[in-house]
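Structure file upload-v3.txt (compact mmCIF, C-alpha atoms and all ligand atoms) is printed below.
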```txt
# COMPACT_ATOMS: atom_id res chain seq x y z
CA PRO A 1 88.15 91.50 99.86
CA PRO A 2 85.27 92.90 101.92
CA LEU A 3 82.13 90.80 102.30
CA LEU A 4 79.99 93.88 101.69
CA GLN A 5 81.24 96.81 99.68
CA VAL A 6 78.94 99.81 99.33
CA ARG A 7 80.15 102.69 97.16
CA ASP A 8 78.49 106.10 96.70
CA LEU A 9 75.03 104.65 97.21
CA ARG A 10 72.30 107.14 96.43
CA VAL A 11 68.70 106.25 97.29
CA ASN A 12 65.42 108.06 96.75
CA ILE A 13 62.07 107.55 98.37
CA GLY A 14 59.71 109.02 95.81
CA GLU A 15 61.09 112.41 94.79
CA ARG A 16 63.26 112.80 97.84
CA THR A 17 66.92 111.78 98.02
CA VAL A 18 67.35 110.14 101.42
CA LEU A 19 70.81 108.61 101.02
CA HIS A 20 73.13 110.99 99.22
CA SER A 21 76.36 109.08 98.99
CA VAL A 22 76.95 106.19 101.35
CA SER A 23 80.15 104.16 101.22
CA LEU A 24 81.06 101.44 103.67
CA ASP A 25 82.82 98.11 103.86
CA VAL A 26 82.07 95.16 106.08
CA GLN A 27 84.77 92.51 106.29
CA PRO A 28 83.86 88.83 106.77
CA GLY A 29 82.94 88.22 110.42
CA GLN A 30 83.01 91.93 111.28
CA LEU A 31 80.37 93.72 113.31
CA VAL A 32 79.67 97.32 112.35
CA VAL A 33 77.35 99.52 114.39
CA LEU A 34 75.41 102.16 112.50
CA MET A 35 74.18 105.12 114.52
CA GLY A 36 72.45 108.32 113.49
CA ALA A 37 69.62 110.63 114.47
CA ASN A 38 66.03 109.70 113.66
CA GLY A 39 65.46 110.25 109.96
CA SER A 40 69.15 110.15 109.01
CA GLY A 41 68.54 107.22 106.65
CA LYS A 42 69.58 104.13 108.63
CA SER A 43 66.52 102.03 107.80
CA THR A 44 66.66 103.28 104.23
CA LEU A 45 70.14 101.80 103.87
CA GLY A 46 68.88 98.42 105.10
CA MET A 47 65.79 98.47 102.91
CA ALA A 48 67.75 99.51 99.83
CA LEU A 49 70.32 96.76 100.35
CA ALA A 50 67.55 94.22 100.90
CA GLY A 51 65.82 95.34 97.71
CA HIS A 52 62.58 96.83 98.97
CA PRO A 53 60.82 98.27 95.90
CA HIS A 54 59.92 101.61 97.55
CA TYR A 55 63.58 102.51 97.91
CA GLN A 56 64.90 103.53 94.50
CA VAL A 57 68.61 103.25 93.99
CA GLN A 58 69.76 106.22 91.91
CA GLY A 59 73.43 105.44 91.77
CA GLY A 60 76.38 103.70 93.32
CA GLN A 61 77.28 100.11 93.97
CA ALA A 62 76.68 97.36 96.50
CA LEU A 63 78.59 94.10 96.26
CA LEU A 64 78.05 91.09 98.53
CA ALA A 65 80.97 88.69 98.24
CA GLY A 66 81.74 90.30 94.90
CA GLN A 67 78.20 89.80 93.59
CA ASP A 68 76.23 92.84 92.40
CA LEU A 69 73.40 92.97 94.95
CA LEU A 70 71.58 95.81 93.21
CA ALA A 71 71.08 93.70 90.08
CA LEU A 72 69.22 90.99 92.03
CA PRO A 73 65.57 90.83 93.07
CA ALA A 74 64.98 90.89 96.84
CA HIS A 75 64.45 87.14 97.22
CA GLU A 76 67.75 86.39 95.48
CA ARG A 77 69.57 88.81 97.75
CA ALA A 78 68.19 86.85 100.69
CA ARG A 79 69.10 83.58 99.02
CA SER A 80 72.67 84.69 98.59
CA GLY A 81 72.96 85.21 102.35
CA LEU A 82 71.75 88.72 103.16
CA PHE A 83 69.35 88.99 106.10
CA LEU A 84 67.48 92.11 107.20
CA SER A 85 65.57 92.23 110.44
CA PHE A 86 62.95 94.94 110.09
CA GLN A 87 62.59 97.85 112.47
CA SER A 88 58.83 97.16 112.32
CA PRO A 89 58.41 93.50 111.36
CA PRO A 90 55.30 93.15 109.17
CA ASP A 91 52.54 90.52 109.43
CA VAL A 92 52.48 87.84 106.78
CA PRO A 93 48.84 86.78 107.02
CA GLY A 94 48.01 83.19 106.20
CA VAL A 95 51.63 82.01 106.15
CA LYS A 96 52.67 79.95 109.12
CA ASN A 97 55.88 80.90 110.80
CA ASN A 98 57.54 77.49 110.47
CA LEU A 99 56.69 77.19 106.78
CA PHE A 100 57.91 80.73 106.14
CA ILE A 101 61.31 80.00 107.67
CA ARG A 102 61.62 76.54 106.13
CA THR A 103 60.91 77.96 102.67
CA ALA A 104 63.58 80.63 103.11
CA LEU A 105 66.03 78.07 104.41
CA ASN A 106 65.38 75.67 101.55
CA ALA A 107 65.91 78.46 99.03
CA GLN A 108 69.28 79.09 100.68
CA HIS A 109 70.13 75.38 100.50
CA GLU A 110 69.16 75.30 96.84
CA ALA A 111 71.35 78.32 96.09
CA ARG A 112 74.28 76.42 97.62
CA GLY A 113 73.48 73.24 95.73
CA GLN A 114 72.46 71.41 98.92
CA GLU A 115 69.60 69.00 99.46
CA PRO A 116 66.34 70.41 100.86
CA LEU A 117 65.88 70.08 104.61
CA ASP A 118 64.14 67.14 106.11
CA ALA A 119 60.85 68.50 107.51
CA PHE A 120 61.24 66.74 110.85
CA ASP A 121 64.86 67.83 111.29
CA PHE A 122 63.79 71.37 110.53
CA LEU A 123 60.98 71.29 113.05
CA SER A 124 63.21 69.98 115.80
CA SER A 125 65.85 72.67 115.18
CA ALA A 126 63.11 75.32 114.98
CA LYS A 127 61.67 74.16 118.31
CA LYS A 128 65.06 74.27 119.91
CA ALA A 129 65.80 77.75 118.53
CA ALA A 130 62.40 79.02 119.72
CA LYS A 131 63.07 77.65 123.19
CA ASP A 132 66.52 79.26 123.33
CA LEU A 133 64.93 82.59 122.41
CA GLY A 134 62.12 82.33 124.93
CA LEU A 135 59.42 82.03 122.27
CA PRO A 136 56.55 79.63 122.96
CA GLU A 137 56.66 76.67 120.59
CA ALA A 138 53.07 77.41 119.56
CA MET A 139 54.31 80.52 117.74
CA LEU A 140 55.88 78.31 115.12
CA GLY A 141 52.45 77.23 113.99
CA ARG A 142 50.92 80.70 113.91
CA PRO A 143 50.88 83.05 110.90
CA VAL A 144 54.03 85.19 110.81
CA ASN A 145 53.74 88.02 113.37
CA GLU A 146 49.93 88.00 113.34
CA GLY A 147 48.80 89.16 116.76
CA PHE A 148 52.39 89.12 118.04
CA SER A 149 53.36 91.84 120.51
CA GLY A 150 56.14 94.27 119.57
CA GLY A 151 58.73 92.36 121.57
CA GLU A 152 57.51 89.01 120.22
CA ARG A 153 57.93 90.27 116.68
CA LYS A 154 61.50 91.20 117.45
CA ARG A 155 62.14 87.78 118.99
CA ASN A 156 60.61 86.24 115.91
CA GLU A 157 63.16 88.11 113.77
CA LEU A 158 65.83 86.54 115.97
CA LEU A 159 64.30 83.12 115.38
CA GLN A 160 64.62 83.62 111.61
CA LEU A 161 68.17 84.88 112.05
CA SER A 162 69.15 81.95 114.22
CA LEU A 163 67.86 79.36 111.73
CA LEU A 164 68.97 81.12 108.53
CA LYS A 165 72.55 81.78 109.66
CA PRO A 166 73.13 84.43 106.96
CA ARG A 167 76.48 85.63 105.67
CA LEU A 168 75.54 89.21 106.50
CA ALA A 169 72.80 90.24 108.91
CA LEU A 170 71.51 93.77 109.19
CA LEU A 171 69.64 94.26 112.46
CA ASP A 172 67.52 97.41 112.44
CA GLU A 173 66.83 98.47 116.03
CA ILE A 174 66.34 94.84 117.03
CA ASP A 175 66.55 95.87 120.70
CA SER A 176 63.72 98.41 120.57
CA GLY A 177 60.62 97.09 122.26
CA MET A 178 62.49 94.14 123.74
CA ASP A 179 62.69 93.33 127.41
CA VAL A 180 66.03 92.76 129.19
CA ASP A 181 65.99 89.04 128.48
CA GLY A 182 65.32 89.77 124.82
CA VAL A 183 68.33 92.08 124.61
CA ARG A 184 70.45 89.38 126.28
CA ALA A 185 69.19 86.91 123.69
CA VAL A 186 70.23 89.31 120.92
CA VAL A 187 73.75 89.57 122.30
CA ALA A 188 74.06 85.82 122.82
CA LEU A 189 72.81 84.99 119.32
CA VAL A 190 75.00 87.61 117.65
CA GLN A 191 78.05 86.28 119.49
CA LYS A 192 77.23 82.71 118.49
CA LEU A 193 76.68 83.50 114.80
CA ARG A 194 79.68 85.79 114.68
CA ALA A 195 81.87 82.97 115.93
CA GLU A 196 80.49 80.91 113.04
CA GLY A 197 81.43 83.65 110.53
CA THR A 198 78.31 85.81 110.11
CA ALA A 199 79.03 89.53 109.65
CA PHE A 200 76.69 92.15 111.11
CA ILE A 201 75.50 95.69 110.62
CA VAL A 202 73.70 96.63 113.82
CA ILE A 203 71.55 99.76 113.95
CA SER A 204 70.93 100.75 117.54
CA HIS A 205 70.64 103.66 119.96
CA TYR A 206 71.29 101.47 122.98
CA LEU A 207 74.83 102.00 124.27
CA GLN A 208 74.82 99.16 126.76
CA MET A 209 73.96 96.64 124.05
CA ILE A 210 76.43 98.20 121.61
CA GLU A 211 79.18 97.81 124.21
CA SER A 212 78.27 94.16 124.79
CA LEU A 213 78.49 93.50 121.06
CA GLU A 214 82.17 94.58 120.90
CA PRO A 215 81.91 96.21 117.46
CA ASP A 216 84.83 96.43 115.06
CA ALA A 217 83.63 99.83 113.87
CA VAL A 218 81.02 102.45 114.67
CA LEU A 219 79.66 104.68 111.91
CA ARG A 220 77.45 107.71 112.18
CA LEU A 221 75.01 108.49 109.43
CA HIS A 222 74.02 112.13 109.13
CA GLN A 223 71.52 113.34 106.53
CA GLY A 224 72.17 110.43 104.24
CA CYS A 225 75.98 110.45 104.38
CA ILE A 226 78.49 108.66 106.59
CA ALA A 227 79.67 111.62 108.65
CA GLU A 228 81.94 109.88 111.16
CA THR A 229 83.77 106.61 111.49
CA GLY A 230 85.24 105.36 114.74
CA ASP A 231 85.16 102.69 117.39
CA LEU A 232 83.25 102.17 120.64
CA GLU A 233 84.50 105.54 121.81
CA LEU A 234 82.39 107.23 119.11
CA ALA A 235 79.28 105.42 120.38
CA ARG A 236 80.09 106.50 123.93
CA GLU A 237 80.63 110.07 122.85
CA ILE A 238 77.31 110.14 121.01
CA ALA A 239 75.57 108.70 124.08
CA ARG A 240 77.16 111.38 126.25
CA THR A 241 76.65 114.41 124.08
CA GLY A 242 73.98 113.56 121.51
CA PHE A 243 73.95 113.79 117.73
CA ALA A 244 73.76 117.58 117.65
CA ARG A 245 77.33 118.05 118.88
CA ALA A 246 78.84 116.10 116.07
CA PRO A 247 80.50 117.64 113.01
CA GLN A 248 78.43 118.13 109.90
CA ALA A 249 78.42 115.53 107.22
CA VAL A 250 81.50 115.48 105.06
CA GLU A 251 81.16 115.14 101.34
CA ALA A 252 82.16 111.63 100.31
P1 LIG A 301 66.11 106.31 110.27
O1 LIG A 301 65.96 104.84 110.16
O2 LIG A 301 67.53 106.76 110.29
O3 LIG A 301 65.36 106.89 111.43
P2 LIG A 301 64.73 106.31 107.72
O4 LIG A 301 65.70 105.67 106.81
O5 LIG A 301 63.58 105.50 108.19
O6 LIG A 301 65.50 106.97 108.94
O7 LIG A 301 64.12 107.59 107.02
C1 LIG A 301 64.95 108.56 106.38
C2 LIG A 301 64.09 109.68 105.88
O8 LIG A 301 63.24 109.22 104.85
C3 LIG A 301 63.19 110.28 106.96
O9 LIG A 301 63.19 111.66 106.84
C4 LIG A 301 61.84 109.69 106.64
O10 LIG A 301 60.80 110.55 107.04
C5 LIG A 301 61.91 109.55 105.14
N1 LIG A 301 61.02 108.47 104.68
C6 LIG A 301 61.09 107.19 105.07
N2 LIG A 301 60.11 106.45 104.47
C7 LIG A 301 59.42 107.33 103.71
C8 LIG A 301 58.31 107.22 102.83
N3 LIG A 301 57.69 106.04 102.62
N4 LIG A 301 57.90 108.34 102.21
C9 LIG A 301 58.53 109.51 102.39
N5 LIG A 301 59.58 109.69 103.20
C10 LIG A 301 60.03 108.62 103.84
MG MG A 302 64.31 105.76 113.50
MG MG A 303 64.99 103.45 111.22
```
Translate the structure of the given file into structure tokens.
Amino acid sequence: PPLLQVRDLRVNIGERTVLHSVSLDVQPGQLVVLMGANGSGKSTLGMALAGHPHYQVQGGQALLAGQDLLALPAHERARSGLFLSFQSPPDVPGVKNNLFIRTALNAQHEARGQEPLDAFDFLSSAKKAAKDLGLPEAMLGRPVNEGFSGGERKRNELLQLSLLKPRLALLDEIDSGMDVDGVRAVVALVQKLRAEGTAFIVISHYLQMIESLEPDAVLRLHQGCIAETGDLELAREIARTGFARAPQAVEA
């Protein structure tokens, strides 16, 4: 069975229907790239799956490992192994980065019936992960994203990803605002986690990174519907000719 199964998902922001009918499957360990013009609803899909309260699900289904995601509050979706890296990672004033990640990790351990992490073990793995990602160790002790540059925020999302090792990670334009080393770190971390069984939905406009990620499938979202499904060749074609050339959305 698929790890993630989304069927006819319909999502409103306020009065406006942004996702009309989105269906997609992600198999365990798969990497799916989601493309689409600005405003086509890519971030909305991520936010709705993660359970952000501004994104109202009007209909359809989303199952993660057979569990009804839409019935769970956001924190329980995260606890059951769903990770969303935000297109614009918010500040979390007053909450230190290392405590933030350790709390999330412990919630995950609890959900799996495992012992809480030893604080010192956690700190040493957090320091190592920060170093691997080119983040100064001092950032672990600072409030989440407060005063971080755009690229540092994105690297900080990677730090969370690397320590949380989710079942399914949705990366929303993780490469935007990152320098070349940051993009390399994305690719390296995705490859590492994928080898360990994490599945990915990667939203990106950056062909070179998409190619390095060796996706299993490439989907194009158009006006809130999946309009095309293909492989790397679809991403290349979009990069060559733009979104305007593509066929109109098909009714699901
Ligand atoms: P994408 O990530 O594909 O660029 P989004 O999912 O962010 O697109 O947005 C889809 C549509 O929903 C856009 O037209 C956007 O303007 C609209 N939208 C997003 N957030 C809001 C909001 N808070 N209020 C009203 N419209 C919104
Ligand atoms: Mg956008
Ligand atoms: Mg977006």
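Among the candidates A:Gly147, A:Pro1, A:Gly41, A:Pro73, the residue lying nearest to ligand MG 303 (chain A) is A:Gly41 (atoms considered: all atoms listed in the file).
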- Message: How would you report the residues lying within 12 Å of ligand MG 303 (chain A), as a PyMOL selection string, if you count all atoms listed in the file?
- Response: chain A and resi 34-47+85-89+170-174+176+202-205+221
- Task: Quick one: pull the distance between atom CA of A:Ala126 and atom CA of A:Leu189, Å, one decimal.
- Result: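 Atom CA of A:Leu189 lies at a distance of 14.4 Å from atom CA of A:Ala126.
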- Item | Coordinates-based distance that separates atom CA of A:His75 from atom CA of A:Ala111 (Å, one decimal) |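 That distance, rounded to one decimal, is 11.3 Å.
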- Task: Fewer than 4 positions away in the same chain doesn't count, so skip those; otherwise give me all residues within 7 Å of stretch 223-236 of chain A, counting only C-alpha atoms, as a count of residues only.
- Result: 18
- Message: Using only C-alpha atoms for the distances, tell me which of A:Gly59, A:Gly14, A:Pro116, A:Gly81 is nearest to A:Leu161.
- Response: A:Gly81
- Using atom CA of A:Ala104 and atom CA of A:Glu196 as the two end points, give the distance in Å to one decimal.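 Spanning atom CA of A:Ala104 to atom CA of A:Glu196 is a straight-line distance of 19.6 Å.
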- Message: Using all atoms listed in the file, can you tell me which of A:Val183, A:Asn97, A:Leu4, A:Gln114 comes closest to A:Gly66?
- Response: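 Going through A:Val183, A:Asn97, A:Leu4, A:Gln114 one by one, the smallest distance to A:Gly66 is for A:Leu4.
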- Message: Applying 9 Å and only C-alpha atoms, which residues near A:Leu82 remain after dropping the ones on its own chain fewer than 6 positions away? List them as a ChimeraX atom specification.
- Response: /A:49-50,64,76,166-170
- Write out as an NGL selection string which residues come within 12 Å of A:Gln61 when counting all atoms listed in the file, dropping same-chain ones fewer than 4 positions away. :A and (4-11 or 21-25 or 48-49 or 57 or 66-71)
- Item | Long-range neighbours of A:Ser125 as a PyMOL selection string, 12 Å cut-off, all atoms listed in the file, 2 positions minimum in chain | chain A and resi 98+101-102+117-123+127-132+137+140+159-160+162-164
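Of the listed residues (A:Gly141, A:Gly197, A:Gly182, A:Gly177), A:Gly141 comes nearest to A:Phe100; the distances count only C-alpha atoms.
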- Query: Which of these residues is nearest to A:Ile210, using only C-alpha atoms: A:Val33, A:Lys192, A:Glu115, A:Val186?
  - Reply: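 Once distances to A:Ile210 are computed over only C-alpha atoms, the minimum belongs to A:Val33.
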